[in-house]
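Undergrad: Please find upload-v6.cif (mmCIF, C-alpha atoms and all ligand atoms) on the next line:
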data_target
#
loop_
_atom_site.group_PDB
_atom_site.id
_atom_site.type_symbol
_atom_site.label_atom_id
_atom_site.label_comp_id
_atom_site.auth_asym_id
_atom_site.auth_seq_id
_atom_site.Cartn_x
_atom_site.Cartn_y
_atom_site.Cartn_z
ATOM 1 C CA MET I 1 183.290 143.151 -166.938
ATOM 2 C CA GLU I 2 182.918 146.830 -166.175
ATOM 3 C CA ALA I 3 183.524 147.876 -169.785
ATOM 4 C CA SER I 4 180.849 145.600 -171.204
ATOM 5 C CA SER I 5 178.229 146.749 -168.739
ATOM 6 C CA ARG I 6 179.105 150.359 -169.633
ATOM 7 C CA ALA I 7 178.386 149.652 -173.339
ATOM 8 C CA GLY I 8 175.130 147.883 -172.408
ATOM 9 C CA ARG I 9 173.844 150.797 -170.334
ATOM 10 C CA GLN I 10 174.030 153.108 -173.368
ATOM 11 C CA GLY I 11 171.259 151.178 -175.145
ATOM 12 C CA LEU I 12 173.337 149.416 -177.782
ATOM 13 C CA PRO I 13 175.758 146.640 -176.854
ATOM 14 C CA TYR I 14 178.570 148.586 -178.481
ATOM 15 C CA ARG I 15 179.954 152.147 -178.412
ATOM 16 C CA SER I 16 178.300 153.687 -181.447
ATOM 17 C CA LEU I 17 179.473 156.767 -183.308
ATOM 18 C CA ARG I 18 176.081 158.356 -182.613
ATOM 19 C CA ASP I 19 176.640 157.991 -178.860
ATOM 20 C CA TYR I 20 180.168 159.381 -179.177
ATOM 21 C CA LEU I 21 178.976 162.439 -181.132
ATOM 22 C CA ARG I 22 176.179 163.140 -178.670
ATOM 23 C CA ALA I 23 178.595 162.948 -175.746
ATOM 24 C CA GLU I 24 181.316 164.988 -177.443
ATOM 25 C CA PHE I 25 179.335 167.547 -179.472
ATOM 26 C CA GLY I 26 175.899 167.432 -177.845
ATOM 27 C CA ALA I 27 174.119 166.271 -181.029
ATOM 28 C CA PRO I 28 174.608 164.106 -184.109
ATOM 29 C CA LEU I 29 176.729 165.733 -186.821
ATOM 30 C CA GLN I 30 175.804 165.739 -190.531
ATOM 31 C CA ARG I 31 178.326 164.316 -192.973
ATOM 32 C CA LEU I 32 179.523 166.318 -195.989
ATOM 33 C CA CYS I 33 180.941 163.870 -198.570
ATOM 34 C CA LEU I 34 183.666 165.705 -200.476
ATOM 35 C CA ASP I 35 185.750 164.803 -203.501
ATOM 36 C CA ALA I 36 189.012 166.710 -203.948
ATOM 37 C CA GLY I 37 189.885 164.992 -207.229
ATOM 38 C CA PHE I 38 192.744 162.865 -205.889
ATOM 39 C CA THR I 39 193.672 159.575 -207.516
ATOM 40 C CA CYS I 40 195.164 156.477 -205.915
ATOM 41 C CA PRO I 41 198.642 154.890 -206.152
ATOM 42 C CA ASN I 42 196.917 151.564 -206.629
ATOM 43 C CA ARG I 43 195.372 152.841 -209.829
ATOM 44 C CA ASP I 44 197.910 155.201 -211.355
ATOM 45 C CA GLY I 45 200.731 152.636 -211.489
ATOM 46 C CA SER I 46 202.942 153.896 -208.669
ATOM 47 C CA LYS I 47 201.965 150.873 -206.549
ATOM 48 C CA ALA I 48 199.742 148.901 -208.922
ATOM 49 C CA VAL I 49 197.150 149.306 -211.642
ATOM 50 C CA GLY I 50 193.487 148.347 -211.661
ATOM 51 C CA GLY I 51 192.893 149.142 -207.990
ATOM 52 C CA CYS I 52 191.644 146.862 -205.240
ATOM 53 C CA THR I 53 189.308 144.364 -206.880
ATOM 54 C CA PHE I 54 186.414 145.302 -204.549
ATOM 55 C CA CYS I 55 186.741 149.028 -205.323
ATOM 56 C CA ASP I 56 184.342 150.693 -207.724
ATOM 57 C CA VAL I 57 185.291 153.234 -210.350
ATOM 58 C CA ALA I 58 184.421 156.075 -207.970
ATOM 59 C CA GLY I 59 187.239 154.989 -205.621
ATOM 60 C CA SER I 60 184.847 153.806 -202.910
ATOM 61 C CA GLY I 61 183.484 157.302 -202.768
ATOM 62 C CA ALA I 62 179.976 158.631 -203.029
ATOM 63 C CA SER I 63 178.956 158.674 -206.665
ATOM 64 C CA HIS I 64 176.691 161.703 -206.199
ATOM 65 C CA ILE I 65 179.579 164.047 -205.392
ATOM 66 C CA GLU I 66 180.127 166.750 -207.982
ATOM 67 C CA GLU I 67 183.897 166.617 -208.076
ATOM 68 C CA THR I 68 184.088 169.401 -210.624
ATOM 69 C CA LEU I 69 182.984 171.808 -207.925
ATOM 70 C CA GLY I 70 185.921 172.972 -205.807
ATOM 71 C CA VAL I 71 185.999 171.592 -202.278
ATOM 72 C CA ARG I 72 185.019 174.946 -200.768
ATOM 73 C CA ARG I 73 181.975 175.143 -203.052
ATOM 74 C CA GLN I 74 181.067 171.516 -202.332
ATOM 75 C CA VAL I 75 181.034 172.392 -198.636
ATOM 76 C CA GLN I 76 178.848 175.472 -199.162
ATOM 77 C CA HIS I 77 176.497 173.576 -201.466
ATOM 78 C CA GLN I 78 176.052 170.601 -199.134
ATOM 79 C CA VAL I 79 175.687 172.751 -196.014
ATOM 80 C CA ALA I 80 172.908 174.708 -197.761
ATOM 81 C CA LEU I 81 171.119 171.460 -198.721
ATOM 82 C CA SER I 82 171.522 170.058 -195.219
ATOM 83 C CA GLU I 83 170.199 173.233 -193.588
ATOM 84 C CA LYS I 84 167.056 172.999 -195.717
ATOM 85 C CA ARG I 85 166.432 169.450 -194.460
ATOM 86 C CA HIS I 86 167.722 169.488 -190.881
ATOM 87 C CA GLY I 87 168.048 173.152 -189.928
ATOM 88 C CA ARG I 88 171.343 174.469 -188.622
ATOM 89 C CA SER I 89 173.740 171.715 -187.638
ATOM 90 C CA ARG I 90 177.421 170.930 -187.270
ATOM 91 C CA TYR I 91 179.318 168.899 -189.810
ATOM 92 C CA ILE I 92 181.882 166.218 -190.540
ATOM 93 C CA ALA I 93 183.830 167.202 -193.667
ATOM 94 C CA TYR I 94 184.583 163.778 -195.117
ATOM 95 C CA LEU I 95 187.199 163.376 -197.846
ATOM 96 C CA GLN I 96 186.206 159.891 -198.923
ATOM 97 C CA ALA I 97 186.940 159.161 -202.574
ATOM 98 C CA PHE I 98 190.339 157.687 -203.500
ATOM 99 C CA THR I 99 193.481 158.587 -201.487
ATOM 100 C CA ASN I 100 193.231 161.951 -199.779
ATOM 101 C CA THR I 101 196.838 162.240 -198.613
ATOM 102 C CA TYR I 102 198.272 161.417 -202.029
ATOM 103 C CA GLY I 103 199.725 164.710 -203.213
ATOM 104 C CA PRO I 104 202.197 167.483 -202.391
ATOM 105 C CA ILE I 105 201.828 168.966 -198.916
ATOM 106 C CA ASP I 106 200.829 172.390 -200.279
ATOM 107 C CA ARG I 107 197.939 170.866 -202.179
ATOM 108 C CA LEU I 108 196.857 168.802 -199.159
ATOM 109 C CA ARG I 109 196.928 171.937 -197.002
ATOM 110 C CA ALA I 110 194.758 173.831 -199.497
ATOM 111 C CA VAL I 111 192.242 170.974 -199.739
ATOM 112 C CA TYR I 112 191.939 170.511 -195.954
ATOM 113 C CA ASP I 113 191.703 174.267 -195.493
ATOM 114 C CA ALA I 114 188.792 174.384 -197.949
ATOM 115 C CA ALA I 115 187.135 171.385 -196.270
ATOM 116 C CA VAL I 116 187.057 173.123 -192.869
ATOM 117 C CA SER I 117 186.296 176.569 -194.312
ATOM 118 C CA HIS I 118 182.710 176.644 -193.001
ATOM 119 C CA PRO I 119 182.458 177.675 -189.335
ATOM 120 C CA ASP I 120 180.037 174.830 -188.563
ATOM 121 C CA VAL I 121 182.497 172.102 -189.618
ATOM 122 C CA ALA I 122 183.560 170.362 -186.389
ATOM 123 C CA VAL I 123 185.376 167.314 -187.755
ATOM 124 C CA LEU I 124 187.742 166.757 -190.677
ATOM 125 C CA SER I 125 187.747 163.098 -191.707
ATOM 126 C CA VAL I 126 190.431 162.065 -194.212
ATOM 127 C CA GLY I 127 190.214 158.697 -195.965
ATOM 128 C CA THR I 128 193.477 157.299 -197.285
ATOM 129 C CA ARG I 129 195.879 154.362 -197.627
ATOM 130 C CA ALA I 130 198.350 153.679 -194.823
ATOM 131 C CA ASP I 131 201.277 153.700 -197.266
ATOM 132 C CA CYS I 132 200.381 157.297 -198.201
ATOM 133 C CA VAL I 133 200.827 158.539 -194.634
ATOM 134 C CA ASP I 134 204.217 159.828 -193.539
ATOM 135 C CA GLY I 135 205.565 162.185 -190.893
ATOM 136 C CA SER I 136 204.884 165.361 -192.888
ATOM 137 C CA VAL I 137 201.263 164.319 -193.600
ATOM 138 C CA CYS I 138 200.762 163.572 -189.897
ATOM 139 C CA ASP I 139 202.316 166.911 -188.933
ATOM 140 C CA LEU I 140 199.922 168.694 -191.285
ATOM 141 C CA LEU I 141 196.908 166.804 -189.925
ATOM 142 C CA ALA I 142 198.052 167.549 -186.364
ATOM 143 C CA GLU I 143 197.986 171.260 -187.279
ATOM 144 C CA PHE I 144 194.355 170.891 -188.405
ATOM 145 C CA ASN I 145 193.610 168.836 -185.292
ATOM 146 C CA ARG I 146 194.101 172.044 -183.316
ATOM 147 C CA ARG I 147 191.336 173.745 -185.347
ATOM 148 C CA VAL I 148 188.802 170.898 -185.612
ATOM 149 C CA GLU I 149 188.783 167.236 -184.577
ATOM 150 C CA VAL I 150 190.660 165.174 -187.186
ATOM 151 C CA TRP I 151 189.926 161.535 -188.001
ATOM 152 C CA LEU I 152 192.373 159.646 -190.186
ATOM 153 C CA GLU I 153 190.550 156.795 -191.943
ATOM 154 C CA LEU I 154 192.890 153.963 -192.936
ATOM 155 C CA GLY I 155 191.850 150.923 -194.954
ATOM 156 C CA LEU I 156 193.356 147.812 -193.391
ATOM 157 C CA GLN I 157 190.610 145.571 -194.869
ATOM 158 C CA SER I 158 192.340 142.317 -193.875
ATOM 159 C CA VAL I 159 195.258 141.241 -191.700
ATOM 160 C CA ASN I 160 195.942 138.316 -194.007
ATOM 161 C CA GLN I 161 198.655 139.171 -196.549
ATOM 162 C CA ALA I 162 197.535 136.421 -198.945
ATOM 163 C CA THR I 163 194.061 137.969 -198.995
ATOM 164 C CA LEU I 164 195.458 141.470 -199.542
ATOM 165 C CA ASP I 165 197.496 140.139 -202.460
ATOM 166 C CA ARG I 166 194.500 138.333 -203.912
ATOM 167 C CA VAL I 167 192.423 141.536 -203.965
ATOM 168 C CA ASN I 168 195.342 143.547 -205.386
ATOM 169 C CA ARG I 169 195.624 145.764 -202.322
ATOM 170 C CA ALA I 170 199.382 146.366 -202.847
ATOM 171 C CA GLU I 171 199.830 147.063 -199.161
ATOM 172 C CA THR I 172 200.793 145.219 -195.967
ATOM 173 C CA PRO I 173 199.548 145.142 -192.366
ATOM 174 C CA ASP I 174 202.935 146.622 -191.396
ATOM 175 C CA ASP I 175 202.109 149.721 -193.501
ATOM 176 C CA PHE I 176 199.004 150.050 -191.357
ATOM 177 C CA ARG I 177 200.929 149.593 -188.095
ATOM 178 C CA LEU I 178 203.460 152.248 -189.050
ATOM 179 C CA ALA I 179 200.788 154.782 -190.050
ATOM 180 C CA CYS I 180 198.940 154.157 -186.766
ATOM 181 C CA ARG I 181 202.073 154.792 -184.734
ATOM 182 C CA MET I 182 202.936 158.020 -186.580
ATOM 183 C CA SER I 183 199.356 159.245 -186.158
ATOM 184 C CA ARG I 184 198.828 158.273 -182.575
ATOM 185 C CA CYS I 185 201.965 159.981 -181.290
ATOM 186 C CA ARG I 186 200.592 163.223 -182.789
ATOM 187 C CA GLY I 187 197.199 162.809 -181.134
ATOM 188 C CA LEU I 188 195.296 161.883 -184.322
ATOM 189 C CA ARG I 189 192.279 159.601 -184.104
ATOM 190 C CA VAL I 190 192.632 156.630 -186.473
ATOM 191 C CA VAL I 191 189.533 154.953 -187.889
ATOM 192 C CA ALA I 192 190.340 151.522 -189.366
ATOM 193 C CA HIS I 193 188.318 149.961 -192.178
ATOM 194 C CA LEU I 194 187.811 146.200 -192.185
ATOM 195 C CA ILE I 195 185.954 144.025 -194.705
ATOM 196 C CA VAL I 196 184.469 140.754 -193.440
ATOM 197 C CA GLY I 197 184.251 137.953 -195.998
ATOM 198 C CA LEU I 198 187.082 138.777 -198.399
ATOM 199 C CA PRO I 199 188.068 135.725 -200.476
ATOM 200 C CA GLY I 200 190.582 133.630 -198.546
ATOM 201 C CA ASP I 201 189.795 135.184 -195.150
ATOM 202 C CA THR I 202 188.345 133.160 -192.291
ATOM 203 C CA PRO I 203 186.540 134.328 -189.124
ATOM 204 C CA ALA I 204 189.846 133.697 -187.308
ATOM 205 C CA ASP I 205 191.526 136.253 -189.619
ATOM 206 C CA CYS I 206 188.846 138.779 -188.655
ATOM 207 C CA LEU I 207 189.640 138.237 -184.980
ATOM 208 C CA ARG I 208 193.352 138.658 -185.689
ATOM 209 C CA ALA I 209 192.506 141.969 -187.372
ATOM 210 C CA VAL I 210 190.699 143.061 -184.203
ATOM 211 C CA ASP I 211 193.781 142.134 -182.162
ATOM 212 C CA LEU I 212 195.898 144.324 -184.424
ATOM 213 C CA LEU I 213 193.497 147.254 -183.948
ATOM 214 C CA ASN I 214 193.661 146.768 -180.178
ATOM 215 C CA GLU I 215 197.457 146.619 -180.227
ATOM 216 C CA GLU I 216 197.706 149.822 -182.243
ATOM 217 C CA GLY I 217 195.275 151.763 -180.065
ATOM 218 C CA VAL I 218 192.931 152.461 -182.976
ATOM 219 C CA TRP I 219 190.236 154.942 -181.942
ATOM 220 C CA GLY I 220 187.394 153.935 -184.289
ATOM 221 C CA VAL I 221 186.433 151.201 -186.724
ATOM 222 C CA LYS I 222 184.260 150.750 -189.776
ATOM 223 C CA ILE I 223 183.400 147.093 -190.350
ATOM 224 C CA HIS I 224 181.384 145.965 -193.329
ATOM 225 C CA ASN I 225 180.463 142.806 -195.164
ATOM 226 C CA LEU I 226 182.032 142.119 -198.528
ATOM 227 C CA TYR I 227 179.570 143.224 -201.197
ATOM 228 C CA ILE I 228 179.856 142.976 -204.932
ATOM 229 C CA ASP I 229 179.555 146.234 -206.874
ATOM 230 C CA SER I 230 178.898 145.689 -210.574
ATOM 231 C CA ARG I 231 181.470 148.414 -211.407
ATOM 232 C CA ALA I 232 184.292 146.726 -209.461
ATOM 233 C CA PRO I 233 186.744 144.208 -210.990
ATOM 234 C CA MET I 234 185.563 141.594 -208.458
ATOM 235 C CA ALA I 235 182.137 141.496 -210.149
ATOM 236 C CA ALA I 236 183.469 139.367 -213.032
ATOM 237 C CA GLU I 237 185.068 136.909 -210.610
ATOM 238 C CA TRP I 238 181.826 136.729 -208.614
ATOM 239 C CA GLU I 239 179.775 136.131 -211.763
ATOM 240 C CA ALA I 240 182.128 133.272 -212.676
ATOM 241 C CA GLY I 241 181.423 131.717 -209.277
ATOM 242 C CA GLY I 242 184.835 132.442 -207.779
ATOM 243 C CA ILE I 243 183.706 134.635 -204.864
ATOM 244 C CA PRO I 244 181.384 133.149 -202.269
ATOM 245 C CA THR I 245 179.553 135.728 -200.148
ATOM 246 C CA MET I 246 178.490 135.141 -196.536
ATOM 247 C CA THR I 247 174.975 134.529 -195.335
ATOM 248 C CA GLN I 248 173.584 137.158 -192.984
ATOM 249 C CA GLU I 249 173.771 134.657 -190.108
ATOM 250 C CA GLU I 250 177.470 133.982 -190.762
ATOM 251 C CA TYR I 251 178.205 137.695 -190.991
ATOM 252 C CA VAL I 252 176.318 138.564 -187.808
ATOM 253 C CA ALA I 253 178.081 135.815 -185.833
ATOM 254 C CA CYS I 254 181.491 136.977 -187.039
ATOM 255 C CA VAL I 255 180.811 140.661 -186.274
ATOM 256 C CA CYS I 256 179.563 139.815 -182.769
ATOM 257 C CA ASP I 257 182.735 137.803 -182.123
ATOM 258 C CA MET I 258 184.770 140.799 -183.312
ATOM 259 C CA LEU I 259 182.867 143.289 -181.138
ATOM 260 C CA GLU I 260 183.306 141.120 -178.063
ATOM 261 C CA ARG I 261 187.071 141.070 -178.620
ATOM 262 C CA LEU I 262 187.450 144.754 -179.519
ATOM 263 C CA HIS I 263 188.673 147.333 -176.996
ATOM 264 C CA PRO I 264 185.564 148.599 -175.167
ATOM 265 C CA GLU I 265 186.353 152.261 -175.908
ATOM 266 C CA THR I 266 186.763 151.852 -179.683
ATOM 267 C CA VAL I 267 184.070 153.866 -181.456
ATOM 268 C CA ILE I 268 181.967 151.839 -183.905
ATOM 269 C CA HIS I 269 181.399 153.985 -186.993
ATOM 270 C CA ARG I 270 179.792 151.375 -189.180
ATOM 271 C CA LEU I 271 178.733 147.706 -189.173
ATOM 272 C CA THR I 272 177.237 147.094 -192.630
ATOM 273 C CA GLY I 273 177.952 147.964 -196.231
ATOM 274 C CA GLN I 274 176.292 147.983 -199.623
ATOM 275 C CA ALA I 275 176.823 149.406 -203.093
ATOM 276 C CA PRO I 276 174.365 151.954 -204.464
ATOM 277 C CA ARG I 277 171.210 149.925 -205.188
ATOM 278 C CA ALA I 278 171.620 150.193 -208.983
ATOM 279 C CA PHE I 279 175.073 148.573 -208.786
ATOM 280 C CA HIS I 280 174.621 146.132 -205.898
ATOM 281 C CA LEU I 281 174.904 142.505 -207.033
ATOM 282 C CA ALA I 282 175.340 140.540 -203.781
ATOM 283 C CA PRO I 283 174.606 139.648 -201.050
ATOM 284 C CA LEU I 284 170.989 140.800 -201.296
ATOM 285 C CA TRP I 285 170.464 140.776 -197.511
ATOM 286 C CA ALA I 286 173.009 143.599 -197.213
ATOM 287 C CA LEU I 287 170.541 145.961 -198.898
ATOM 288 C CA ASN I 288 168.484 145.962 -195.702
ATOM 289 C CA LYS I 289 170.907 147.795 -193.443
ATOM 290 C CA GLY I 290 168.411 148.221 -190.602
ATOM 291 C CA ALA I 291 167.714 144.482 -190.456
ATOM 292 C CA VAL I 292 171.432 143.663 -190.325
ATOM 293 C CA LEU I 293 172.031 146.121 -187.474
ATOM 294 C CA GLU I 294 169.034 144.761 -185.583
ATOM 295 C CA ALA I 295 170.282 141.200 -186.054
ATOM 296 C CA ILE I 296 173.714 142.155 -184.638
ATOM 297 C CA THR I 297 172.153 143.785 -181.579
ATOM 298 C CA ALA I 298 169.765 140.852 -181.084
ATOM 299 C CA GLU I 299 172.606 138.346 -181.287
ATOM 300 C CA MET I 300 174.719 140.298 -178.767
ATOM 301 C CA ARG I 301 171.722 140.412 -176.418
ATOM 302 C CA ARG I 302 171.042 136.681 -176.919
ATOM 303 C CA ARG I 303 174.640 136.008 -175.910
ATOM 304 C CA GLY I 304 174.409 138.426 -172.972
ATOM 305 C CA SER I 305 177.542 140.087 -174.287
ATOM 306 C CA ALA I 306 178.755 143.567 -175.198
ATOM 307 C CA GLN I 307 181.705 145.204 -176.897
ATOM 308 C CA GLY I 308 184.897 144.430 -175.076
ATOM 309 C CA CYS I 309 183.625 141.577 -172.937
ATOM 310 C CA ARG I 310 186.360 139.323 -174.355
ATOM 311 C CA PHE I 311 188.968 142.061 -174.726
ATOM 312 C CA ARG I 312 192.298 141.163 -173.171
ATOM 313 C CA PRO I 313 195.122 143.718 -173.096
ATOM 314 C CA SER I 314 198.201 142.336 -174.824
ATOM 315 C CA ASN I 315 201.832 143.009 -174.024
ATOM 316 C CA GLN I 316 202.066 144.787 -177.359
ATOM 317 C CA SER I 317 199.195 147.197 -176.650
ATOM 318 C CA SER I 318 200.071 150.806 -177.393
ATOM 319 C CA GLY I 319 198.472 153.809 -175.748
ATOM 320 C CA ARG I 320 195.190 155.250 -176.995
ATOM 321 C CA VAL I 321 194.465 158.787 -178.166
HETATM 322 S S1 LIG Q 1 189.982 150.927 -202.203
HETATM 323 FE FE1 LIG Q 1 191.258 152.748 -201.905
HETATM 324 S S2 LIG Q 1 193.366 151.980 -202.268
HETATM 325 FE FE2 LIG Q 1 191.972 150.466 -203.188
HETATM 326 S S3 LIG Q 1 191.796 151.125 -205.350
HETATM 327 FE FE3 LIG Q 1 190.061 152.018 -204.192
HETATM 328 S S4 LIG Q 1 190.775 154.080 -203.668
HETATM 329 FE FE4 LIG Q 1 192.607 152.864 -204.197
#
Give the structure from this file in structure tokens form.

TA:
Amino acid sequence: MEASSRAGRQGLPYRSLRDYLRAEFGAPLQRLCLDAGFTCPNRDGSKAVGGCTFCDVAGSGASHIEETLGVRRQVQHQVALSEKRHGRSRYIAYLQAFTNTYGPIDRLRAVYDAAVSHPDVAVLSVGTRADCVDGSVCDLLAEFNRRVEVWLELGLQSVNQATLDRVNRAETPDDFRLACRMSRCRGLRVVAHLIVGLPGDTPADCLRAVDLLNEEGVWGVKIHNLYIDSRAPMAAEWEAGGIPTMTQEEYVACVCDMLERLHPETVIHRLTGQAPRAFHLAPLWALNKGAVLEAITAEMRRRGSAQGCRFRPSNQSSGRV
């Protein structure tokens, strides 16, 4: 298939974020991990309490972020550190922790404005829940999309409602579909997050999730293995023996199946995951990110396959950004 040979010619058997950034911006961009001090409706009681059981107390954010610094100062501080290490660069301003569209529009505008305040910021990436995206949020992000490239990062995690309920996600795949449609018609790039190996999910569920991403014209994807963070509620269930984790071989096989089925143009932002080393309980193989990535590439090459080689357009497919 033409698409699969295109992916193969680029060196990796999938369309990596690094390749996308080089083609689009001429060089890799550095990521600024920002914390605007938002909370999450799955923690404050408006949807649920306790949060998703896989989520750590930092809201799946980077624990090193100094959230007491304002966003503008966080940007300045991290740009200065990055320039010392890498020289002058361009940046992705990444609002990662908790739910970064969960607040009044005026506050969101001020936060996004601060995040793109440095002239070398080229991308604004906003992590959130699909049920916290509505027309006014999309309109605001579309405004920013005229200043810098905007990525809207939505956690789907699983397409299986029973699994979402089991991990206390308090959200549905239809929430995700709706948010994708509102975003796409305004030209926003959606990055979906999927977790492979959630309790109750099967490899077939992971393939169904890929089909949903294809149908909704999702622009990018972050896939990672389930890992157990000692600060997350799931840690107690894992310690009691209630959460099996995948072997590396099982994970690699599942991810390769997913990549083969994924639209060939979807940008792959991530294929592994781990907690900070001090909090990472399982699986231990996930701590060696390089080895996992190499194993995925080796397996794709062994199969003679590439991203999109089993992609089939469906009648439900929507347009792509
Ligand atoms: S994963 Fe996201 S939605 Fe779930 S509790 Fe953490 S911040 Fe909230």

Undergrad: Write out as a tab-separated table the residues of segment 189-241 of chain I that have any atom within 6 Å of an atom of segment 264-282 of chain I, one row each with the nearest atom pair and its distance in Å to one decimal, counting all atoms listed in the file, sorted by chain and then rising number.

TA:
residue	atom	partner	partner_atom	distance
I:Trp219	CA	I:Thr266	CA	5.2
I:Gly220	CA	I:Val267	CA	4.4
I:Val221	CA	I:Ile268	CA	5.3
I:Lys222	CA	I:Arg270	CA	4.6
I:Ile223	CA	I:Leu271	CA	4.9
I:His224	CA	I:Thr272	CA	4.4
I:Asn225	CA	I:Gly273	CA	5.8
I:Tyr227	CA	I:Ala282	CA	5.6
I:Ile228	CA	I:Ala282	CA	5.3
I:Asp229	CA	I:His280	CA	5.0
I:Ser230	CA	I:Phe279	CA	5.1

Undergrad: Could you tell me which of I:Val167, I:Tyr94, I:Asp19, I:Gln78 comes closest to ligand LIG 1 (chain Q) if we count all atoms listed in the file?

TA: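 Nearest to ligand LIG 1 (chain Q): I:Val167.
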
Undergrad: For a cutoff of 12 Å around the file-coordinate point (181.5, 138.4, -198.9), which residues qualify once you count all atoms listed in the file? I'd like the result as an MDAnalysis selection string.

TA: chainID I and resid 54 195:203 224:229 234:235 238 242:248 250:251 254 272:274 281:286

Undergrad: Tell me which residues the PyMOL selection byres (((not hetatm)) within 10 of (chain Q and resi 1)) grabs here, as an MDAnalysis selection string.

TA: chainID I and resid 38:44 47:61 96:100 127:132 154:157 167:171 232

Undergrad: Keeping C-alpha atoms for every residue in the selection just given, could you write it to a file as a PDB file, in the frame of the given file?

TA:
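Okay, out.pdb is ready:
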ATOM      1  CA  PHE I  38     192.744 162.865-205.889  1.00  0.00           C
ATOM      2  CA  THR I  39     193.672 159.575-207.516  1.00  0.00           C
ATOM      3  CA  CYS I  40     195.164 156.477-205.915  1.00  0.00           C
ATOM      4  CA  PRO I  41     198.642 154.890-206.152  1.00  0.00           C
ATOM      5  CA  ASN I  42     196.917 151.564-206.629  1.00  0.00           C
ATOM      6  CA  ARG I  43     195.372 152.841-209.829  1.00  0.00           C
ATOM      7  CA  ASP I  44     197.910 155.201-211.355  1.00  0.00           C
ATOM      8  CA  LYS I  47     201.965 150.873-206.549  1.00  0.00           C
ATOM      9  CA  ALA I  48     199.742 148.901-208.922  1.00  0.00           C
ATOM     10  CA  VAL I  49     197.150 149.306-211.642  1.00  0.00           C
ATOM     11  CA  GLY I  50     193.487 148.347-211.661  1.00  0.00           C
ATOM     12  CA  GLY I  51     192.893 149.142-207.990  1.00  0.00           C
ATOM     13  CA  CYS I  52     191.644 146.862-205.240  1.00  0.00           C
ATOM     14  CA  THR I  53     189.308 144.364-206.880  1.00  0.00           C
ATOM     15  CA  PHE I  54     186.414 145.302-204.549  1.00  0.00           C
ATOM     16  CA  CYS I  55     186.741 149.028-205.323  1.00  0.00           C
ATOM     17  CA  ASP I  56     184.342 150.693-207.724  1.00  0.00           C
ATOM     18  CA  VAL I  57     185.291 153.234-210.350  1.00  0.00           C
ATOM     19  CA  ALA I  58     184.421 156.075-207.970  1.00  0.00           C
ATOM     20  CA  GLY I  59     187.239 154.989-205.621  1.00  0.00           C
ATOM     21  CA  SER I  60     184.847 153.806-202.910  1.00  0.00           C
ATOM     22  CA  GLY I  61     183.484 157.302-202.768  1.00  0.00           C
ATOM     23  CA  GLN I  96     186.206 159.891-198.923  1.00  0.00           C
ATOM     24  CA  ALA I  97     186.940 159.161-202.574  1.00  0.00           C
ATOM     25  CA  PHE I  98     190.339 157.687-203.500  1.00  0.00           C
ATOM     26  CA  THR I  99     193.481 158.587-201.487  1.00  0.00           C
ATOM     27  CA  ASN I 100     193.231 161.951-199.779  1.00  0.00           C
ATOM     28  CA  GLY I 127     190.214 158.697-195.965  1.00  0.00           C
ATOM     29  CA  THR I 128     193.477 157.299-197.285  1.00  0.00           C
ATOM     30  CA  ARG I 129     195.879 154.362-197.627  1.00  0.00           C
ATOM     31  CA  ALA I 130     198.350 153.679-194.823  1.00  0.00           C
ATOM     32  CA  ASP I 131     201.277 153.700-197.266  1.00  0.00           C
ATOM     33  CA  CYS I 132     200.381 157.297-198.201  1.00  0.00           C
ATOM     34  CA  LEU I 154     192.890 153.963-192.936  1.00  0.00           C
ATOM     35  CA  GLY I 155     191.850 150.923-194.954  1.00  0.00           C
ATOM     36  CA  LEU I 156     193.356 147.812-193.391  1.00  0.00           C
ATOM     37  CA  GLN I 157     190.610 145.571-194.869  1.00  0.00           C
ATOM     38  CA  VAL I 167     192.423 141.536-203.965  1.00  0.00           C
ATOM     39  CA  ASN I 168     195.342 143.547-205.386  1.00  0.00           C
ATOM     40  CA  ARG I 169     195.624 145.764-202.322  1.00  0.00           C
ATOM     41  CA  ALA I 170     199.382 146.366-202.847  1.00  0.00           C
ATOM     42  CA  GLU I 171     199.830 147.063-199.161  1.00  0.00           C
ATOM     43  CA  ALA I 232     184.292 146.726-209.461  1.00  0.00           C
TER      44      ALA I 232
END

Undergrad: Can you work out the spacing between atom CA of Ile105 of chain I and atom CA of Val137 of chain I in Å, to one decimal?

TA: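 Atom CA of Val137 of chain I lies 7.1 Å from atom CA of Ile105 of chain I.
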
Undergrad: Please indicate the distance in Å from atom CA of Gly45 of chain I to atom CA of Thr101 of chain I, rounded to one decimal place.

TA: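 Answer for the atom CA of Gly45 of chain I to atom CA of Thr101 of chain I separation: 16.5 Å.
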
Undergrad: Go ahead and fit an axis-aligned box to every listed atom of segment 41-60 of chain I plus 8 Å each side, and pass me the centre and edge lengths in Å, one decimal, as AutoDock Vina command-line options.

TA:
--center_x 193.6 --center_y 150.2 --center_z -207.3 --size_x 34.6 --size_y 27.7 --size_z 24.8

Undergrad: Excluding Ala93 of chain I and its own-chain neighbours fewer than 5 positions away, which residues fall within 9 Å of it when counting only C-alpha atoms? Please give them as an mmCIF file with C-alpha atoms, keeping the file's coordinate frame.

TA:
data_model
loop_
_atom_site.group_PDB
_atom_site.id
_atom_site.type_symbol
_atom_site.label_atom_id
_atom_site.label_comp_id
_atom_site.auth_asym_id
_atom_site.auth_seq_id
_atom_site.Cartn_x
_atom_site.Cartn_y
_atom_site.Cartn_z
ATOM 1 C CA GLN I 30 175.804 165.739 -190.531
ATOM 2 C CA ARG I 31 178.326 164.316 -192.973
ATOM 3 C CA LEU I 32 179.523 166.318 -195.989
ATOM 4 C CA CYS I 33 180.941 163.870 -198.570
ATOM 5 C CA LEU I 34 183.666 165.705 -200.476
ATOM 6 C CA VAL I 75 181.034 172.392 -198.636
ATOM 7 C CA ALA I 115 187.135 171.385 -196.270
ATOM 8 C CA VAL I 116 187.057 173.123 -192.869
ATOM 9 C CA VAL I 121 182.497 172.102 -189.618
ATOM 10 C CA ALA I 122 183.560 170.362 -186.389
ATOM 11 C CA VAL I 123 185.376 167.314 -187.755
ATOM 12 C CA LEU I 124 187.742 166.757 -190.677
ATOM 13 C CA SER I 125 187.747 163.098 -191.707
ATOM 14 C CA VAL I 126 190.431 162.065 -194.212
#
